[in-house]
Structure formats: C-alpha cells, structure tokens
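A.B. asks: One structure follows; several queries about it will come next.
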Amino acid sequence: MFLCYVDESGTPDIPGNTSHFILAGLSIPVNRWRECDAALNAIKQRHDLGDAEIHVAWLMRAYREQDQIQNFADMDASKRRAMVESQRTLTLHHLLRTKNHKLYKQTKKNYAQTASYTHLTRAERIALVHELAACVAGWRYARLFAECVDKAHFVAQVRDKTVDEQAFEQIVSRFEQYLQNMGRPADETRYGMLIHDNNQTVARRHTELMKKFHASGTLWTGIHSLIETPLFVDSQLTGMIQVADLCGYALRRYLENNETSLFDQVFQRADRVGNIVVGVRHFTKLACACRICAGHRRAGVNIATI
Ligand SMILES: [Zn+2]
C-alpha cells in the first residue's frame with residue numbers, strides 16, 4: 001500500500017500571478033510513514049518549531065522587521081520572537097493610524113502566516129528548508145509525481161480541460177502506472193491512495209474527477225491500483241503534505257527562476273523508468289531545454305508534449 005501526498009504550487013488561474021501551476025505528489029510505502037514523520041519532526045524540533053506547519057514560500061521570504069532590529073542574529077530565540085512581535089505591532093498601529101486598511105489587513109495576514117518562524121533568521125529558515133529537501137532526497141523508497149503547467153503554453157492549445165483538471169489527471173495516471181509497473185507477485189496488487197491538502201473547491205472537483213476515473217479510466221490508463229477518492233486533510237496538521245508543498249515549490253522556483261538548489265534535491269525522487277523521467281512532466285513548448293524536459297527526451301522521443 002502506498003500513500004501519495006498531493007499539494008499545489010502557484011495558481012491554476014489564467015493568467016494569475018505565477019507563470020506556472022504545479023501539482024506535485026510524493027508517494028511513500030505505508031510501512032515507511034512512521035520513519036518519515038519522525039524525521040520531519042526531528043528537523044522541526046532542531047529548529048524550535050514545535051508542531052508548526054512548514055510552509056516553504058513563507059519560510060523563504062525576507063521579513064523586513066528582522067532587518068530593522070539591530071543585532072537580531074545575536075539574540076536568543078525568545079528575545080528574537082519578542083522583538084519581531086514588538087516591531088510588527090508598531091507597524092500595524094502605524095498602518096491603522098494612516099488609515100491604510102487594505103495594507104493593514106494584508107500585513108496582518110502575512111504576519112499570521114509567519115508567526116511561528118520569527119525566531120529564525122532568514123539564513124536559518126533557508127537552511128531548514130534545505131535540510132528538509134536533503135531529507136526527502138534520501139528517501140530512496142519515495143517517488144515524486146508532478147505536472148508543471150506553463151500557462152502561456154496551455155492557453156495556446158485547444159483543450160477541453162482546465163489547468164487543474166489536466167494536472168490532476170496526469171498525477172493520477174502516473175501514480176497508477178507506477179503502481180502497475182512495480183514488480184510484484186501475480187496474485188498481489190499494489191494499492192495506492194491520494195491524500196490531498198484540503199481546499200473546498202479542489203475537494204469537490206477532484207472527488208468528482210476521481211469517481212469518473214474509477215468508472216472509465218483517465219485518458220492514459222485504466223484505474224486498477226488506486227482506491228477511493230482523495231482524502232482531504234489539513235496541511236497544518238499533516239507533515240507529509242508539507243513535504244509535497246516543498247516539492248511543488250522547488251519545481252516551480254526552478255522553472256520560473258532557475259533556482260536549482262532545492263530542485264536538485266527533490267528531483268532525485270522523480271519517478272524514472274530506466275534513466276527516463278516519467279513521473280514529472282513540464283507541459284510547455286517543444287523546444288524547452290530544462291532538465292525536466294531533457295529527462296523525458298532521453299529515449300529520443302519527446303513525451304513532454306503528449
Ligand atoms: Zn521544460
């Protein structure tokens with residue numbers, strides 16, 4: 001039995017504020033779950049994060065308040081937290097006084113998203129994310145599946161699906177094929193289940209799609225090994241969803257900004273058949289020279305455009 005944790009990075013809206021939409025799923029065998037969860041918790045404990053959610057995009061940002069505090073890096077954790085909280089309170093009061101309500105609301109929201117991380121300098125937060133990525137890279141039994149949609153390319157195609165529907169169908173197909181292709185005794189099926197970050201809109205749509213796939217297959221494969229419709233969980237409470245978030249983030253930042261350090265780690269886990277990357281696809285123009293597309297082309301056939 002395999003669990004595939006799914007999360008998205010970027011927005012499927014067109015044009016939206018990201019050039020790419022990524023749907024990423026990381027699969028592990030159920031008998032490895034305990035050690036994965038323990039490894040994640042150990043990293044969180046080392047960084048004094050308790051059971052805070054690891055949300056990579058928020059961790060990687062610069063927090064201006066930290067730069068405004070003199071000798072911030074020299075303080076201990078509780079002093080850093082207190083100083084940032086004080087600085088943030090000042091900023092919010094200032095925004096209220098200047099009646100900038102829109103910015104006040106947005107700033108307050110941003111502060112809430114990063115409240116668990118204020119005791120870490122930016123360098124420490126980046127180191128934490130890299131530590132997690134290295135941890136995932138070391139999980140040799142884990143497989144990464146992802147659909148990376150270049151939205152400018154997507155809109156140039158005649159398609160009867162939305163960006164999100166295409167991405168979900170691809171993840172389901174690749175995970176299913178991975179389970180089917182795995183060497184196994186003839187009388188024993190490898191089963192898999194999707195576990196998804198909860199989101200009301202996505203939950204309804206993916207549940208309906210999955211029912212359809214169970215009834216009549218995807219465009220690429222019949223469904224024999226996947227069971228159930230996706231289970232939807234709270235990413236704040238489920239560590240492995242946070243790992244899927246990290247994988248999606250790493251793929252998107254590679255494709256959008258050519259950042260390779262996190263990508264190099266998580267891409268090691270992309271599902272491969274021989275030396276061809278079959279688990280991760282970049283849906284983009286034929287001539288793309290990125291490493292994901294190059295990984296598809298090794299057989300001399302560009303399956304990136306299929
Ligand atoms: Zn590419």
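Each chain in the structure tokens gets a letter, A, B and so on, in the order shown; residues start at 1 in every chain, and ligands are counted from 1 in the order they appear.
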Just want the residues within 6 Å of ligand 1, written as a ChimeraX atom specification, counting only C-alpha atoms and all ligand atoms.

C.D. replies: /A:282,288-290,292-293

A.B. asks: DSSP on the backbone, then: every residue of range 92-192 of chain A marked strand (DSSP E or B), written as a PyMOL selection string.

C.D. replies: chain A and resi 143-150+192

A.B. asks: I'd like to know which of A:Leu255, A:Ile126, A:Ile28, A:Ile195 is closest to Val233 in chain A, using only C-alpha atoms.

C.D. replies: A:Ile195

A.B. asks: Select from range 141-185 of chain A everything DSSP, run on the backbone, classes as alpha helix (DSSP H), then give the selection as a ChimeraX atom specification.

C.D. replies: /A:151-155,163-181

A.B. asks: Give me the residues near His47 in chain A as a list of chain:residue names, where near means some atom within 8 Å (using only C-alpha atoms) and where sequence neighbours in that chain fewer than 2 positions away do not count.

C.D. replies: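 Here the qualifying residues turn out to be A:Ile43, A:Lys44, A:Gln45, A:Leu49, A:Leu120, A:Leu128.
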